[in-house]
>>> print(open('structure_30.cif').read())   # mmCIF, C-alpha atoms
data_final
#
loop_
_atom_site.group_PDB
_atom_site.id
_atom_site.type_symbol
_atom_site.label_atom_id
_atom_site.label_comp_id
_atom_site.auth_asym_id
_atom_site.auth_seq_id
_atom_site.Cartn_x
_atom_site.Cartn_y
_atom_site.Cartn_z
ATOM 1 C CA PRO N 1 -13.850 -30.340 44.434
ATOM 2 C CA ALA N 2 -12.631 -33.373 46.367
ATOM 3 C CA THR N 3 -14.978 -35.666 44.410
ATOM 4 C CA ARG N 4 -13.871 -34.083 41.142
ATOM 5 C CA ASP N 5 -10.235 -34.722 42.030
ATOM 6 C CA ARG N 6 -10.965 -38.387 42.814
ATOM 7 C CA VAL N 7 -12.840 -38.831 39.526
ATOM 8 C CA LEU N 8 -10.048 -37.211 37.527
ATOM 9 C CA GLY N 9 -7.545 -39.434 39.330
ATOM 10 C CA VAL N 10 -9.451 -42.576 38.349
ATOM 11 C CA ILE N 11 -9.787 -41.327 34.759
ATOM 12 C CA LYS N 12 -6.030 -40.889 34.580
ATOM 13 C CA GLU N 13 -5.362 -44.263 36.232
ATOM 14 C CA ILE N 14 -7.549 -46.356 33.922
ATOM 15 C CA GLY N 15 -6.976 -44.262 30.775
ATOM 16 C CA TYR N 16 -10.681 -43.491 30.270
ATOM 17 C CA ARG N 17 -11.630 -41.737 27.041
ATOM 18 C CA ARG N 18 -15.065 -40.282 26.405
ATOM 19 C CA ASN N 19 -17.054 -42.105 23.740
ATOM 20 C CA ARG N 20 -18.465 -39.413 21.484
ATOM 21 C CA THR N 21 -20.935 -41.813 19.889
ATOM 22 C CA ALA N 22 -22.401 -42.672 23.288
ATOM 23 C CA THR N 23 -22.511 -38.988 24.215
ATOM 24 C CA ALA N 24 -24.391 -38.215 21.012
ATOM 25 C CA LEU N 25 -26.977 -40.923 21.762
ATOM 26 C CA VAL N 26 -27.684 -39.441 25.199
ATOM 27 C CA THR N 27 -27.508 -35.722 24.380
ATOM 28 C CA SER N 28 -28.549 -35.743 20.690
ATOM 29 C CA ARG N 29 -25.343 -33.779 20.051
ATOM 30 C CA SER N 30 -22.157 -35.074 18.492
ATOM 31 C CA THR N 31 -19.745 -32.518 20.029
ATOM 32 C CA VAL N 32 -18.129 -32.337 16.596
ATOM 33 C CA ILE N 33 -17.745 -29.141 14.553
ATOM 34 C CA GLY N 34 -17.321 -29.287 10.795
ATOM 35 C CA ILE N 35 -14.775 -26.963 9.190
ATOM 36 C CA LEU N 36 -14.905 -26.298 5.457
ATOM 37 C CA THR N 37 -11.946 -24.587 3.785
ATOM 38 C CA ASP N 38 -10.698 -24.001 0.257
ATOM 39 C CA GLY N 39 -7.209 -25.202 1.156
ATOM 40 C CA SER N 40 -5.575 -21.877 0.322
ATOM 41 C CA PRO N 41 -1.890 -21.755 1.338
ATOM 42 C CA ARG N 42 -2.154 -18.033 2.102
ATOM 43 C CA PHE N 43 -1.357 -16.870 5.611
ATOM 44 C CA GLY N 44 -4.874 -15.778 6.628
ATOM 45 C CA PRO N 45 -6.836 -18.943 5.743
ATOM 46 C CA VAL N 46 -4.118 -21.244 7.118
ATOM 47 C CA GLY N 47 -3.792 -19.263 10.350
ATOM 48 C CA THR N 48 -7.568 -19.284 10.801
ATOM 49 C CA LEU N 49 -7.825 -23.053 10.207
ATOM 50 C CA MET N 50 -5.070 -23.908 12.684
ATOM 51 C CA ALA N 51 -6.533 -21.664 15.361
ATOM 52 C CA LEU N 52 -10.060 -23.049 14.844
ATOM 53 C CA GLU N 53 -8.962 -26.664 15.192
ATOM 54 C CA SER N 54 -7.010 -25.889 18.368
ATOM 55 C CA LEU N 55 -9.725 -23.761 19.979
ATOM 56 C CA ALA N 56 -12.445 -26.308 19.132
ATOM 57 C CA ARG N 57 -10.537 -28.928 21.141
ATOM 58 C CA GLN N 58 -10.099 -26.523 24.022
ATOM 59 C CA ASN N 59 -13.868 -26.012 24.011
ATOM 60 C CA GLY N 60 -14.507 -29.773 24.170
ATOM 61 C CA TYR N 61 -15.286 -30.265 20.487
ATOM 62 C CA ALA N 62 -13.632 -32.464 17.927
ATOM 63 C CA SER N 63 -13.406 -31.085 14.396
ATOM 64 C CA THR N 64 -13.797 -32.625 10.965
ATOM 65 C CA VAL N 65 -12.061 -30.679 8.196
ATOM 66 C CA VAL N 66 -13.091 -30.895 4.534
ATOM 67 C CA THR N 67 -11.199 -29.087 1.777
ATOM 68 C CA VAL N 68 -12.775 -27.998 -1.508
ATOM 69 C CA ASP N 69 -11.475 -26.502 -4.726
ATOM 70 C CA GLU N 70 -13.041 -25.033 -7.818
ATOM 71 C CA PRO N 71 -15.623 -25.274 -9.273
ATOM 72 C CA TYR N 72 -17.146 -24.292 -5.920
ATOM 73 C CA ALA N 73 -20.711 -24.539 -7.219
ATOM 74 C CA GLU N 74 -20.147 -28.302 -7.414
ATOM 75 C CA THR N 75 -17.684 -29.040 -4.602
ATOM 76 C CA VAL N 76 -19.131 -26.888 -1.815
ATOM 77 C CA PRO N 77 -22.658 -28.453 -1.709
ATOM 78 C CA LYS N 78 -21.142 -31.955 -1.718
ATOM 79 C CA ALA N 79 -18.741 -31.068 1.092
ATOM 80 C CA LEU N 80 -21.495 -29.505 3.200
ATOM 81 C CA ASP N 81 -23.654 -32.606 2.654
ATOM 82 C CA THR N 82 -20.743 -34.784 3.793
ATOM 83 C CA LEU N 83 -20.346 -32.822 7.024
ATOM 84 C CA ASP N 84 -24.109 -32.853 7.569
ATOM 85 C CA ASP N 85 -24.241 -36.636 7.012
ATOM 86 C CA VAL N 86 -21.525 -37.373 9.586
ATOM 87 C CA GLY N 87 -23.630 -35.591 12.180
ATOM 88 C CA VAL N 88 -21.680 -32.440 13.047
ATOM 89 C CA ASP N 89 -23.436 -29.984 15.351
ATOM 90 C CA GLY N 90 -22.536 -27.003 13.190
ATOM 91 C CA ILE N 91 -20.215 -25.920 10.400
ATOM 92 C CA ILE N 92 -17.683 -23.107 10.149
ATOM 93 C CA VAL N 93 -16.704 -22.186 6.596
ATOM 94 C CA ILE N 94 -13.429 -20.368 5.958
ATOM 95 C CA ALA N 95 -14.395 -18.559 2.767
ATOM 96 C CA PRO N 96 -11.776 -16.078 1.579
ATOM 97 C CA ARG N 97 -13.103 -16.039 -1.998
ATOM 98 C CA LEU N 98 -16.389 -14.552 -3.212
ATOM 99 C CA ALA N 99 -17.069 -17.534 -5.489
ATOM 100 C CA MET N 100 -16.829 -19.954 -2.584
ATOM 101 C CA ALA N 101 -19.103 -17.813 -0.409
ATOM 102 C CA ALA N 102 -21.731 -17.696 -3.157
ATOM 103 C CA ALA N 103 -21.816 -21.496 -3.225
ATOM 104 C CA VAL N 104 -22.236 -21.608 0.564
ATOM 105 C CA TRP N 105 -25.092 -19.091 0.494
ATOM 106 C CA ASN N 106 -26.907 -21.193 -2.125
ATOM 107 C CA ALA N 107 -26.499 -24.515 -0.280
ATOM 108 C CA ASP N 108 -29.157 -26.211 1.826
ATOM 109 C CA VAL N 109 -27.825 -27.461 5.181
ATOM 110 C CA ARG N 110 -29.757 -28.661 8.243
ATOM 111 C CA VAL N 111 -27.269 -27.508 10.907
ATOM 112 C CA PRO N 112 -26.112 -23.955 11.725
ATOM 113 C CA VAL N 113 -23.552 -22.636 9.239
ATOM 114 C CA GLU N 114 -21.178 -19.807 10.053
ATOM 115 C CA MET N 115 -18.928 -18.265 7.426
ATOM 116 C CA ILE N 116 -15.675 -16.451 8.172
ATOM 117 C CA ALA N 117 -15.571 -13.891 5.371
ATOM 118 C CA ALA N 118 -14.287 -10.363 5.899
ATOM 119 C CA GLY N 119 -16.983 -7.765 5.341
ATOM 120 C CA ALA N 120 -19.629 -10.237 4.123
ATOM 121 C CA SER N 121 -23.217 -9.910 5.316
ATOM 122 C CA SER N 122 -25.254 -12.616 7.014
ATOM 123 C CA THR N 123 -28.219 -14.237 5.271
ATOM 124 C CA PRO N 124 -31.198 -16.146 6.722
ATOM 125 C CA ASN N 125 -29.308 -19.434 6.162
ATOM 126 C CA VAL N 126 -25.708 -18.426 6.820
ATOM 127 C CA PHE N 127 -24.384 -16.023 9.439
ATOM 128 C CA THR N 128 -20.966 -14.453 9.131
ATOM 129 C CA TYR N 129 -18.127 -13.463 11.416
ATOM 130 C CA SER N 130 -14.694 -11.983 10.776
ATOM 131 C CA GLU N 131 -11.945 -9.790 12.029
ATOM 132 C CA ASN N 132 -12.409 -6.115 11.167
ATOM 133 C CA GLN N 133 -9.871 -6.032 8.346
ATOM 134 C CA GLU N 134 -11.247 -2.786 6.959
ATOM 135 C CA LEU N 135 -10.346 -1.194 10.295
ATOM 136 C CA GLY N 136 -6.891 -2.793 10.048
ATOM 137 C CA ALA N 137 -6.386 -1.232 6.609
ATOM 138 C CA ARG N 138 -7.525 2.121 7.964
ATOM 139 C CA MET N 139 -5.018 1.809 10.797
ATOM 140 C CA ALA N 140 -2.171 1.037 8.386
ATOM 141 C CA THR N 141 -3.078 3.941 6.109
ATOM 142 C CA GLN N 142 -3.710 6.345 8.970
ATOM 143 C CA HIS N 143 -0.276 5.564 10.375
ATOM 144 C CA LEU N 144 1.275 6.725 7.096
ATOM 145 C CA ILE N 145 -0.970 9.800 7.058
ATOM 146 C CA ASP N 146 0.025 10.627 10.637
ATOM 147 C CA LEU N 147 3.662 10.453 9.526
ATOM 148 C CA GLY N 148 2.885 13.254 7.076
ATOM 149 C CA HIS N 149 2.623 11.271 3.843
ATOM 150 C CA THR N 150 0.065 12.621 1.392
ATOM 151 C CA TYR N 151 0.627 10.362 -1.621
ATOM 152 C CA ILE N 152 0.023 6.787 -0.463
ATOM 153 C CA ALA N 153 -0.230 3.951 -2.963
ATOM 154 C CA HIS N 154 -1.824 0.557 -2.356
ATOM 155 C CA LEU N 155 -0.843 -2.845 -3.720
ATOM 156 C CA VAL N 156 -4.108 -4.752 -3.603
ATOM 157 C CA GLY N 157 -4.847 -8.442 -3.258
ATOM 158 C CA SER N 158 -7.188 -10.085 -5.735
ATOM 159 C CA MET N 159 -10.647 -8.504 -5.850
ATOM 160 C CA GLY N 160 -11.991 -12.053 -5.943
ATOM 161 C CA TRP N 161 -11.095 -12.229 -2.237
ATOM 162 C CA PHE N 162 -13.072 -10.601 0.575
ATOM 163 C CA ASP N 163 -9.807 -9.654 2.302
ATOM 164 C CA GLY N 164 -8.546 -7.772 -0.751
ATOM 165 C CA ARG N 165 -11.806 -5.860 -1.094
ATOM 166 C CA VAL N 166 -12.124 -4.724 2.501
ATOM 167 C CA ARG N 167 -8.457 -3.769 2.815
ATOM 168 C CA LYS N 168 -8.752 -1.625 -0.311
ATOM 169 C CA ARG N 169 -11.931 -0.092 1.092
ATOM 170 C CA GLY N 170 -10.168 0.759 4.347
ATOM 171 C CA TRP N 171 -7.272 2.414 2.488
ATOM 172 C CA GLU N 172 -9.651 4.506 0.372
ATOM 173 C CA ALA N 173 -11.761 5.529 3.362
ATOM 174 C CA ALA N 174 -8.771 6.604 5.457
ATOM 175 C CA MET N 175 -7.398 8.696 2.592
ATOM 176 C CA ARG N 176 -10.693 10.424 1.882
ATOM 177 C CA ASP N 177 -11.399 11.032 5.580
ATOM 178 C CA ALA N 178 -8.049 12.858 5.686
ATOM 179 C CA GLY N 179 -9.012 14.961 2.671
ATOM 180 C CA LEU N 180 -6.561 13.100 0.420
ATOM 181 C CA GLU N 181 -7.109 11.385 -2.895
ATOM 182 C CA PRO N 182 -6.180 7.695 -2.940
ATOM 183 C CA GLY N 183 -2.947 7.238 -4.865
ATOM 184 C CA LEU N 184 -1.789 4.531 -7.222
ATOM 185 C CA CYS N 185 -3.660 1.227 -6.816
ATOM 186 C CA VAL N 186 -2.362 -1.992 -8.391
ATOM 187 C CA GLU N 187 -4.280 -5.275 -8.116
ATOM 188 C CA GLY N 188 -2.345 -8.527 -7.913
ATOM 189 C CA ASP N 189 -2.404 -12.066 -6.588
ATOM 190 C CA TRP N 190 -0.952 -11.575 -3.062
ATOM 191 C CA SER N 191 2.407 -13.059 -4.049
ATOM 192 C CA PRO N 192 5.885 -11.599 -3.467
ATOM 193 C CA LYS N 193 6.525 -12.178 -7.185
ATOM 194 C CA PHE N 194 3.678 -9.858 -8.185
ATOM 195 C CA ALA N 195 4.922 -7.205 -5.760
ATOM 196 C CA TYR N 196 8.538 -7.592 -6.892
ATOM 197 C CA GLU N 197 7.595 -7.136 -10.541
ATOM 198 C CA THR N 198 5.395 -4.156 -9.662
ATOM 199 C CA GLY N 199 8.247 -2.591 -7.703
ATOM 200 C CA LEU N 200 10.622 -3.024 -10.655
ATOM 201 C CA ARG N 201 8.091 -1.366 -12.945
ATOM 202 C CA LEU N 202 7.590 1.587 -10.580
ATOM 203 C CA VAL N 203 11.352 2.136 -10.440
ATOM 204 C CA ALA N 204 11.744 1.873 -14.205
ATOM 205 C CA GLU N 205 8.917 4.352 -14.789
ATOM 206 C CA GLY N 206 10.137 6.768 -12.108
ATOM 207 C CA ARG N 207 6.840 6.436 -10.215
ATOM 208 C CA VAL N 208 7.936 5.280 -6.749
ATOM 209 C CA PRO N 209 5.434 6.926 -4.353
ATOM 210 C CA GLN N 210 6.065 8.533 -0.963
ATOM 211 C CA ALA N 211 4.493 5.625 0.859
ATOM 212 C CA ILE N 212 2.831 2.294 0.138
ATOM 213 C CA PHE N 213 0.264 0.260 2.042
ATOM 214 C CA ALA N 214 0.933 -3.330 0.955
ATOM 215 C CA VAL N 215 -2.026 -5.701 1.175
ATOM 216 C CA SER N 216 0.102 -8.361 2.899
ATOM 217 C CA ASP N 217 3.539 -8.775 4.429
ATOM 218 C CA HIS N 218 4.576 -11.051 1.557
ATOM 219 C CA THR N 219 3.579 -8.280 -0.836
ATOM 220 C CA ALA N 220 5.691 -5.855 1.175
ATOM 221 C CA LEU N 221 8.609 -8.299 1.014
ATOM 222 C CA GLY N 222 8.521 -8.382 -2.794
ATOM 223 C CA LEU N 223 8.443 -4.593 -2.949
ATOM 224 C CA ILE N 224 11.351 -4.182 -0.554
ATOM 225 C CA ARG N 225 13.542 -6.516 -2.606
ATOM 226 C CA ALA N 226 12.719 -4.764 -5.893
ATOM 227 C CA PHE N 227 13.511 -1.384 -4.384
ATOM 228 C CA ALA N 228 16.712 -2.571 -2.660
ATOM 229 C CA GLU N 229 18.059 -3.992 -5.926
ATOM 230 C CA ASN N 230 17.628 -0.609 -7.547
ATOM 231 C CA GLY N 231 18.944 1.685 -4.853
ATOM 232 C CA VAL N 232 15.548 2.786 -3.538
ATOM 233 C CA ARG N 233 15.782 2.759 0.241
ATOM 234 C CA VAL N 234 13.052 1.743 2.655
ATOM 235 C CA PRO N 235 12.107 3.803 4.625
ATOM 236 C CA GLU N 236 14.400 6.717 3.625
ATOM 237 C CA ASP N 237 12.994 6.976 0.081
ATOM 238 C CA VAL N 238 9.639 5.219 0.488
ATOM 239 C CA SER N 239 7.732 4.138 3.594
ATOM 240 C CA ILE N 240 5.979 0.749 3.539
ATOM 241 C CA VAL N 241 3.357 -0.769 5.844
ATOM 242 C CA GLY N 242 2.199 -4.373 5.480
ATOM 243 C CA PHE N 243 -0.652 -6.492 6.782
ATOM 244 C CA ASP N 244 -0.682 -9.848 8.669
ATOM 245 C CA ASP N 245 2.443 -9.725 10.879
ATOM 246 C CA VAL N 246 3.697 -13.025 9.500
ATOM 247 C CA GLU N 247 6.390 -14.854 11.409
ATOM 248 C CA GLY N 248 9.693 -13.201 10.569
ATOM 249 C CA SER N 249 8.286 -9.820 9.550
ATOM 250 C CA ASP N 250 10.225 -8.321 12.454
ATOM 251 C CA TYR N 251 13.389 -9.610 10.725
ATOM 252 C CA PHE N 252 12.695 -8.061 7.335
ATOM 253 C CA LEU N 253 15.256 -5.426 6.319
ATOM 254 C CA PRO N 254 14.027 -3.084 7.650
ATOM 255 C CA PRO N 255 11.740 -4.668 10.281
ATOM 256 C CA LEU N 256 8.228 -4.270 8.905
ATOM 257 C CA THR N 257 5.509 -2.053 10.329
ATOM 258 C CA THR N 258 2.358 -4.091 9.832
ATOM 259 C CA VAL N 259 -1.139 -4.988 11.050
ATOM 260 C CA ARG N 260 -1.360 -8.081 13.246
ATOM 261 C CA GLN N 261 -4.336 -10.396 12.955
ATOM 262 C CA ASP N 262 -5.262 -12.180 16.167
ATOM 263 C CA PHE N 263 -6.179 -15.633 14.880
ATOM 264 C CA PRO N 264 -6.775 -17.225 18.316
ATOM 265 C CA ALA N 265 -9.210 -14.410 19.190
ATOM 266 C CA LEU N 266 -10.919 -14.766 15.807
ATOM 267 C CA ALA N 267 -11.201 -18.543 16.238
ATOM 268 C CA GLN N 268 -12.523 -18.334 19.798
ATOM 269 C CA ALA N 269 -15.123 -15.744 18.862
ATOM 270 C CA SER N 270 -16.148 -17.758 15.793
ATOM 271 C CA ILE N 271 -16.643 -20.879 17.906
ATOM 272 C CA ASP N 272 -18.586 -18.896 20.526
ATOM 273 C CA VAL N 273 -20.860 -17.544 17.795
ATOM 274 C CA LEU N 274 -21.439 -21.020 16.328
ATOM 275 C CA LEU N 275 -22.122 -22.594 19.731
ATOM 276 C CA GLY N 276 -24.569 -19.777 20.446
ATOM 277 C CA ALA N 277 -26.449 -20.668 17.267
ATOM 278 C CA ILE N 278 -26.377 -24.372 18.131
ATOM 279 C CA GLU N 279 -27.703 -23.693 21.641
ATOM 280 C CA GLY N 280 -30.194 -21.035 20.583
ATOM 281 C CA ARG N 281 -28.703 -18.131 22.536
ATOM 282 C CA GLU N 282 -27.561 -14.666 21.514
ATOM 283 C CA VAL N 283 -23.818 -14.067 21.295
ATOM 284 C CA ASP N 284 -21.872 -10.873 20.689
ATOM 285 C CA ARG N 285 -20.906 -10.856 17.014
ATOM 286 C CA THR N 286 -18.791 -7.709 17.096
ATOM 287 C CA PRO N 287 -15.817 -8.319 14.772
ATOM 288 C CA SER N 288 -12.472 -8.866 16.479
ATOM 289 C CA VAL N 289 -9.997 -6.004 16.192
ATOM 290 C CA PRO N 290 -6.476 -6.179 14.681
ATOM 291 C CA THR N 291 -3.434 -4.370 16.059
ATOM 292 C CA LEU N 292 -0.982 -2.005 14.388
ATOM 293 C CA VAL N 293 2.598 -3.097 15.076
ATOM 294 C CA VAL N 294 4.999 -0.194 14.530
ATOM 295 C CA ARG N 295 8.557 -1.098 13.529
ATOM 296 C CA GLU N 296 11.038 0.590 11.192
ATOM 297 C CA SER N 297 9.732 0.448 7.606
ATOM 298 C CA ALA N 298 7.878 3.778 7.747
ATOM 299 C CA ILE N 299 9.216 7.158 8.873
ATOM 300 C CA PRO N 300 7.897 10.750 8.925
ATOM 301 C CA ALA N 301 7.648 12.362 5.491
ATOM 302 C CA ARG N 302 9.894 15.233 6.583
ATOM 303 C CA LEU N 303 12.758 12.754 6.987
ATOM 304 C CA ARG N 304 12.500 11.480 3.422
ATOM 305 C CA GLN N 305 15.570 12.140 1.347
ATOM 306 C CA THR N 306 13.972 12.159 -2.128
ATOM 307 C CA SER N 307 11.006 13.846 -3.750
ATOM 308 C CA PRO N 308 7.891 11.940 -4.880
#
>>> encode(input="structure_30.cif", output="structure tokens")
Amino acid sequence: PATRDRVLGVIKEIGYRRNRTATALVTSRSTVIGILTDGSPRFGPVGTLMALESLARQNGYASTVVTVDEPYAETVPKALDTLDDVGVDGIIVIAPRLAMAAAVWNADVRVPVEMIAAGASSTPNVFTYSENQELGARMATQHLIDLGHTYIAHLVGSMGWFDGRVRKRGWEAAMRDAGLEPGLCVEGDWSPKFAYETGLRLVAEGRVPQAIFAVSDHTALGLIRAFAENGVRVPEDVSIVGFDDVEGSDYFLPPLTTVRQDFPALAQASIDVLLGAIEGREVDRTPSVPTLVVRESAIPARLRQTSP
């Protein structure tokens, strides 16, 4: 320890910085991780990217980020080749969309490739890791069931996204496990605008359900506004649970009950899994677990003041 302290003191005094090129020549490793993302502005992909970059540094790795857009069949192979050419030790792909994942599975890369894609299976060339979002959707739905709601609708994200698919699957499974039929299901694009317009339509048609599991907090926000503008009260008339626990969801009116994703835990586990592949050792790949955050947007069915 005394020697370590002296060395660290000298490093600080002279402003020494490790030369990654020299390290790579000695160890045959670059200590750089490649991160490939589709540049989505949605909360999940952005939160994952930020956490990965931060946790990579904390684990002694620099990161090189490359963003792709459609058509993925053309952009993804080129981006993976770019990361491979700059000598990264491994690549983590944030792949929320099925089309992007398909391009990754079909690519040929020389370094380990890990894909963060909810509910996707590993292949011989690409292994996957994710948070257990299906469990999160079950938790959200089960909370409404435990409150006594029997007719629970779901506003779904795009079925072109892994997240939308597994959250829908979790909602359906929780309903059927409780002996209930899944209620109204409306697919959209994750936006508050889609949810707002859906909420207006439900009010106009007299089809506001007892409770709604919204695929994201932004979806819940659009619903709440549409209902508030038309005298439908949350939670007195309809209970709503979201997903993500975005910053500010505790200041929605009412504060939103939601499912919190732990992006730092997801990022750390993803990096551990990738480093295990790089170093040829087994690592626990059990998906990280989300948390239900109970606030004020859902109440027991017996306290509702209107009929479904």
>>> closest_residue(input="structure_30.cif", among="N:Arg260, N:Arg42, N:Lys12, N:His154", to="N:Trp190", atoms="only C-alpha atoms")
N:Arg42
>>> resolve_selection(input="structure_30.cif", expression="the PyMOL selection byres ((chain N and resi 279-291) around 10)", output="ChimeraX atom specification")
/N:89,118-119,127-137,139-140,243-245,258-263,265-267,269-270,272-278,292-294
>>> residues_around(input="structure_30.cif", residues="stretch 193-207 of chain N", least_positions_apart="4", cutoff="10 Å", atoms="only C-alpha atoms", output="ChimeraX atom specification")
/N:155-157,184,186-189,214-216,218-232,308
>>> resolve_selection(input="structure_30.cif", expression="the PyMOL selection byres ((chain N and resi 52) around 12)", output="PyMOL selection string")
chain N and resi 33-37+45-51+53-59+61-65+91-94+116+262-272+274
>>> residues_around(input="structure_30.cif", residues="N:Trp105", least_positions_apart="3", cutoff="8 Å", atoms="only C-alpha atoms", output="list in words")
Ala101, Ala102, Thr123, Asn125 and Val126 of chain N
>>> resolve_selection(input="structure_30.cif", expression="the PyMOL selection byres ((chain N and resi 103) around 8)", output="number ranges by chain")
N: 72-73, 76-77, 99-102, 104-107
>>> axis_aligned_box(input="structure_30.cif", around="stretch 289-292 of chain N", padding_each_side="4 Å", output="AutoDock Vina command-line options")
--center_x -5.5 --center_y -4.1 --center_z 15.3 --size_x 17.0 --size_y 12.2 --size_z 9.8
>>> atom_distance(input="structure_30.cif", atom1="atom CA of N:Asp38", atom2="atom CA of N:Val68")
4.8 Å
>>> atom_distance(input="structure_30.cif", atom1="atom CA of N:Pro112", atom2="atom CA of N:Gly90")
4.9 Å
>>> atom_distance(input="structure_30.cif", atom1="atom CA of N:Phe43", atom2="atom CA of N:Glu74")
25.6 Å
>>> residues_around(input="structure_30.cif", residues="N:Pro96", least_positions_apart="3", cutoff="7 Å", atoms="all atoms listed in the file", output="list in words")
Ala117, Trp161, Phe162 and Asp163 of chain N
>>> write_last_selection(input="structure_30.cif", atoms="C-alpha atoms", output="mmCIF file, in the coordinates of the input")
data_model
loop_
_atom_site.group_PDB
_atom_site.id
_atom_site.type_symbol
_atom_site.label_atom_id
_atom_site.label_comp_id
_atom_site.auth_asym_id
_atom_site.auth_seq_id
_atom_site.Cartn_x
_atom_site.Cartn_y
_atom_site.Cartn_z
ATOM 1 C CA ALA N 117 -15.571 -13.891 5.371
ATOM 2 C CA TRP N 161 -11.095 -12.229 -2.237
ATOM 3 C CA PHE N 162 -13.072 -10.601 0.575
ATOM 4 C CA ASP N 163 -9.807 -9.654 2.302
#
